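Okay, entry-v1.cif now, which holds mmCIF, N, CA and C atoms:
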data_coords
#
loop_
_atom_site.label_atom_id
_atom_site.label_comp_id
_atom_site.auth_asym_id
_atom_site.auth_seq_id
_atom_site.Cartn_x
_atom_site.Cartn_y
_atom_site.Cartn_z
N MET A 742 98.50 67.68 -111.76
CA MET A 742 97.88 68.86 -111.20
C MET A 742 98.68 69.29 -109.98
N LYS A 743 98.53 70.53 -109.60
CA LYS A 743 99.21 71.05 -108.43
C LYS A 743 98.18 71.42 -107.38
N THR A 744 98.56 71.25 -106.11
CA THR A 744 97.67 71.67 -105.02
C THR A 744 98.49 72.09 -103.81
N GLY A 745 97.91 72.97 -103.00
CA GLY A 745 98.56 73.38 -101.77
C GLY A 745 98.63 72.21 -100.81
N THR A 746 99.81 71.99 -100.22
CA THR A 746 100.04 70.85 -99.35
C THR A 746 100.67 71.34 -98.04
N PHE A 747 100.04 70.98 -96.91
CA PHE A 747 100.59 71.35 -95.61
C PHE A 747 101.81 70.49 -95.32
N ILE A 748 102.91 71.14 -95.00
CA ILE A 748 104.15 70.43 -94.66
C ILE A 748 104.29 70.33 -93.14
N LYS A 749 104.13 71.47 -92.48
CA LYS A 749 104.18 71.55 -91.01
C LYS A 749 103.57 72.89 -90.63
N PRO A 750 103.31 73.12 -89.35
CA PRO A 750 102.73 74.41 -88.97
C PRO A 750 103.55 75.57 -89.54
N GLY A 751 102.87 76.48 -90.21
CA GLY A 751 103.52 77.64 -90.79
C GLY A 751 104.12 77.43 -92.17
N LYS A 752 104.02 76.20 -92.71
CA LYS A 752 104.62 75.92 -94.01
C LYS A 752 103.65 75.16 -94.91
N ILE A 753 103.39 75.73 -96.08
CA ILE A 753 102.55 75.10 -97.09
C ILE A 753 103.30 75.21 -98.42
N GLU A 754 103.27 74.16 -99.22
CA GLU A 754 103.96 74.15 -100.50
C GLU A 754 103.00 73.73 -101.61
N LEU A 755 103.29 74.15 -102.82
CA LEU A 755 102.55 73.72 -103.99
C LEU A 755 103.24 72.46 -104.52
N LYS A 756 102.51 71.32 -104.55
CA LYS A 756 103.09 70.06 -105.00
C LYS A 756 102.29 69.48 -106.16
N LYS A 757 102.96 68.68 -106.97
CA LYS A 757 102.30 68.01 -108.09
C LYS A 757 101.71 66.68 -107.63
N TYR A 758 100.50 66.39 -108.13
CA TYR A 758 99.80 65.13 -107.86
C TYR A 758 99.25 64.61 -109.18
N PRO A 759 98.93 63.31 -109.26
CA PRO A 759 98.31 62.79 -110.48
C PRO A 759 96.97 63.49 -110.72
N MET A 760 96.63 63.66 -111.99
CA MET A 760 95.35 64.29 -112.35
C MET A 760 94.20 63.42 -111.89
N ASN A 761 93.19 64.03 -111.28
CA ASN A 761 92.01 63.29 -110.85
C ASN A 761 91.23 62.77 -112.05
N LYS A 762 90.45 61.73 -111.83
CA LYS A 762 89.57 61.19 -112.85
C LYS A 762 88.13 61.32 -112.36
N LEU A 763 87.20 61.43 -113.30
CA LEU A 763 85.79 61.48 -112.93
C LEU A 763 85.44 60.20 -112.20
N GLN A 764 84.82 60.31 -111.04
CA GLN A 764 84.44 59.14 -110.25
C GLN A 764 82.97 58.79 -110.49
N PRO A 765 82.03 59.42 -109.79
CA PRO A 765 80.63 59.12 -110.07
C PRO A 765 80.16 59.92 -111.30
N GLU A 766 78.99 59.59 -111.78
CA GLU A 766 78.43 60.25 -112.96
C GLU A 766 78.11 61.73 -112.73
N ASN A 767 78.00 62.14 -111.45
CA ASN A 767 77.67 63.54 -111.18
C ASN A 767 78.89 64.35 -110.74
N ASP A 768 80.06 63.89 -111.09
CA ASP A 768 81.32 64.53 -110.72
C ASP A 768 81.73 65.55 -111.79
N ALA A 769 82.61 66.48 -111.42
CA ALA A 769 83.19 67.44 -112.36
C ALA A 769 84.64 67.68 -111.98
N ILE A 770 85.46 68.00 -112.97
CA ILE A 770 86.87 68.35 -112.73
C ILE A 770 87.05 69.80 -113.18
N LEU A 771 87.65 70.61 -112.30
CA LEU A 771 87.89 72.02 -112.58
C LEU A 771 89.36 72.28 -112.84
N LYS A 772 89.64 73.19 -113.75
CA LYS A 772 90.98 73.74 -113.91
C LYS A 772 91.00 74.99 -113.04
N VAL A 773 91.77 74.96 -111.98
CA VAL A 773 91.79 76.06 -111.01
C VAL A 773 92.51 77.26 -111.61
N VAL A 774 91.86 78.42 -111.54
CA VAL A 774 92.47 79.66 -112.02
C VAL A 774 92.79 80.61 -110.87
N CYS A 775 92.15 80.39 -109.72
CA CYS A 775 92.40 81.23 -108.56
C CYS A 775 92.05 80.44 -107.30
N SER A 776 92.82 80.59 -106.27
CA SER A 776 92.55 79.89 -105.02
C SER A 776 93.07 80.74 -103.87
N SER A 777 92.46 80.58 -102.72
CA SER A 777 92.94 81.29 -101.53
C SER A 777 92.85 80.37 -100.33
N VAL A 778 93.45 80.79 -99.26
CA VAL A 778 93.45 79.99 -98.04
C VAL A 778 92.16 80.27 -97.28
N CYS A 779 91.44 79.22 -96.94
CA CYS A 779 90.22 79.30 -96.15
C CYS A 779 90.59 79.65 -94.71
N GLU A 780 89.67 80.25 -93.98
CA GLU A 780 89.94 80.59 -92.57
C GLU A 780 90.37 79.35 -91.78
N SER A 781 89.70 78.22 -92.00
CA SER A 781 90.08 77.01 -91.25
C SER A 781 91.48 76.54 -91.64
N ASP A 782 91.90 76.77 -92.90
CA ASP A 782 93.28 76.44 -93.30
C ASP A 782 94.27 77.33 -92.55
N SER A 783 93.91 78.59 -92.31
CA SER A 783 94.82 79.49 -91.60
C SER A 783 95.04 79.01 -90.17
N TRP A 784 94.01 78.38 -89.56
CA TRP A 784 94.19 77.81 -88.22
C TRP A 784 95.24 76.71 -88.26
N LEU A 785 95.24 75.94 -89.32
CA LEU A 785 96.23 74.85 -89.46
C LEU A 785 97.63 75.42 -89.63
N LEU A 786 97.73 76.49 -90.43
CA LEU A 786 99.04 77.10 -90.63
C LEU A 786 99.61 77.67 -89.33
N CYS A 787 98.73 78.15 -88.46
CA CYS A 787 99.16 78.73 -87.19
C CYS A 787 99.25 77.69 -86.08
N ASP A 788 98.97 76.42 -86.41
CA ASP A 788 99.04 75.30 -85.47
C ASP A 788 97.98 75.39 -84.38
N ILE A 789 96.85 76.05 -84.66
CA ILE A 789 95.74 76.09 -83.72
C ILE A 789 94.95 74.79 -83.80
N SER A 790 94.80 74.27 -85.03
CA SER A 790 94.18 72.96 -85.26
C SER A 790 95.26 72.02 -85.78
N LYS A 791 95.07 70.74 -85.61
CA LYS A 791 96.07 69.75 -86.03
C LYS A 791 95.66 69.10 -87.35
N ILE A 792 96.66 68.78 -88.16
CA ILE A 792 96.44 68.08 -89.43
C ILE A 792 97.69 67.26 -89.74
N ALA A 793 97.51 66.15 -90.40
CA ALA A 793 98.65 65.31 -90.76
C ALA A 793 99.50 65.99 -91.84
N ALA A 794 100.81 65.78 -91.77
CA ALA A 794 101.71 66.30 -92.79
C ALA A 794 101.29 65.76 -94.15
N ASN A 795 101.49 66.56 -95.18
CA ASN A 795 101.17 66.23 -96.58
C ASN A 795 99.67 66.16 -96.87
N SER A 796 98.83 66.73 -95.99
CA SER A 796 97.41 66.88 -96.31
C SER A 796 97.26 68.04 -97.28
N THR A 797 96.24 68.00 -98.12
CA THR A 797 96.08 69.04 -99.14
C THR A 797 94.93 69.98 -98.80
N THR A 798 95.02 71.20 -99.36
CA THR A 798 93.95 72.18 -99.21
C THR A 798 92.82 71.81 -100.17
N LYS A 799 91.61 72.23 -99.84
CA LYS A 799 90.47 71.84 -100.67
C LYS A 799 89.40 72.94 -100.76
N TYR A 800 89.70 74.14 -100.35
CA TYR A 800 88.66 75.16 -100.24
C TYR A 800 88.94 76.38 -101.09
N GLU A 801 87.93 77.23 -101.20
CA GLU A 801 88.04 78.56 -101.79
C GLU A 801 88.70 78.51 -103.17
N THR A 802 88.05 77.83 -104.10
CA THR A 802 88.61 77.64 -105.42
C THR A 802 87.69 78.22 -106.49
N LEU A 803 88.29 78.87 -107.48
CA LEU A 803 87.57 79.36 -108.64
C LEU A 803 88.20 78.70 -109.85
N GLY A 804 87.37 78.11 -110.72
CA GLY A 804 87.96 77.41 -111.85
C GLY A 804 87.05 77.30 -113.06
N ILE A 805 87.60 76.69 -114.08
CA ILE A 805 86.91 76.43 -115.34
C ILE A 805 86.61 74.94 -115.39
N VAL A 806 85.38 74.59 -115.75
CA VAL A 806 85.01 73.17 -115.84
C VAL A 806 85.75 72.54 -117.01
N GLU A 807 86.57 71.53 -116.73
CA GLU A 807 87.32 70.82 -117.76
C GLU A 807 86.58 69.57 -118.23
N LYS A 808 86.00 68.83 -117.29
CA LYS A 808 85.27 67.60 -117.60
C LYS A 808 84.05 67.51 -116.70
N MET A 809 82.97 66.93 -117.23
CA MET A 809 81.76 66.73 -116.43
C MET A 809 81.22 65.33 -116.68
N GLY A 810 80.74 64.71 -115.58
CA GLY A 810 80.05 63.44 -115.71
C GLY A 810 78.71 63.62 -116.41
N LYS A 811 78.12 62.53 -116.85
CA LYS A 811 76.87 62.60 -117.63
C LYS A 811 75.72 63.23 -116.86
N THR A 812 75.69 63.06 -115.53
CA THR A 812 74.56 63.58 -114.75
C THR A 812 74.94 64.79 -113.90
N CYS A 813 76.08 65.38 -114.15
CA CYS A 813 76.54 66.54 -113.39
C CYS A 813 75.66 67.75 -113.71
N CYS A 814 75.26 68.45 -112.68
CA CYS A 814 74.48 69.68 -112.78
C CYS A 814 73.15 69.41 -113.42
#
Written as structure tokens, that's how I'd like the structure from this file.
Amino acid sequence: MKTGTFIKPGKIELKKYPMNKLQPENDAILKVVCSSVCESDSWLLCDISKIAANSTTKYETLGIVEKMGKTCC
């Protein structure tokens, strides 16, 4: 899978990571079809807030459910 990864202030890259697996029974995995930068992510890009290099974005995602745990939803 690919996800936005912070490299340094002002720089974000799309990097490949291993595909996630369902963890708890109420988990779901989405195939992302659209994503945008959250306001708090923009603070990180502008170096207003601090974050470790190679941290990934996790917000503002629209997707298709690929897998669902037995008790999801």
Contacts of A:Cys787 at 6.5 Å (all atoms listed in the file; same-chain gap of 5+ positions) as JSON, numbers by chain: {"A": [750, 751, 782]}
Write down as a list in words the residues belonging to chain A that are assigned strand (DSSP E) by DSSP computed on the backbone. Lys743, Thr744, Gly745, Thr746, Phe747, Ile748, Lys749, Lys752, Ile753, Glu754, Leu755, Lys756, Lys757, Ala769, Ile770, Leu771, Lys772, Val773, Val774, Cys775, Ser776, Thr802, Leu803, Gly804, Ile805, Val806, Glu807, Lys808 and Met809 of chain A
Residues flagged helix (DSSP H, G or I) by DSSP in chain A, as number ranges by chain: A: 780-786
Restricting the calculation to only N, CA and C atoms, which member of A:Met742, A:Leu785, A:Ile792, A:Cys779 is positioned closest to A:Pro759?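 Counting only N, CA and C atoms, the residue closest to A:Pro759 is A:Met742.
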Could you state which residues are captured by the PyMOL selection byres ((chain A and resi 810) around 6.5) in this file, as JSON, numbers by chain? {"A": [765, 766, 767, 768, 769, 770, 808, 809, 811, 812, 813]}
Evaluate the PyMOL selection byres ((chain A and resi 757) around 6.5) and record the selected residues as number ranges by chain, following the chain and residue labels used in the document. A: 742-744, 755-756, 758-759
Have a look at atom CA of A:Ala794 and atom C of A:Ser781 and let me know their distance in Å, one decimal.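 Separation of atom CA of A:Ala794 and atom C of A:Ser781: 14.5 Å.
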Mind pulling up the distance from atom CA of A:Thr798 to atom CA of A:Thr746? 6.2 Å
From the list A:Cys775, A:Ala793, A:Thr802, A:Leu786, which residue is nearest A:Ile753 when using only N, CA and C atoms?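 Comparing A:Cys775, A:Ala793, A:Thr802, A:Leu786 against A:Ile753, the winner is A:Leu786.
Closest approach to A:Ser796 among A:Val778, A:Leu771, A:Met760, A:Ile748 is made by A:Ile748 (distances from only C-alpha atoms).
Atom pair atom C of A:Asn761 / atom N of A:Glu807 has a distance of 11.0 Å (rounded to one decimal).
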Residue among A:Glu801, A:Leu763, A:Asn795, A:Val806 lying closest to A:Phe747, counting all atoms listed in the file: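 When distances to A:Phe747 are compared using all atoms listed in the file, the smallest one comes from A:Asn795.
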Around stretch 777-792 of chain A, fit a box with edges along x, y and z, padding it by 6 Å on each side, then list its centre and edge lengths in Å to one decimal as JSON.
{"center_x": 94.6, "center_y": 74.3, "center_z": -93.2, "size_x": 21.9, "size_y": 26.0, "size_z": 31.0}
Taking the file as shown, find all residues satisfying the PyMOL selection byres (((chain A and resi 804 and name CA) around 6) and name CA) and write them as a VMD selection string. chain A and resid 771 to 774 803 805
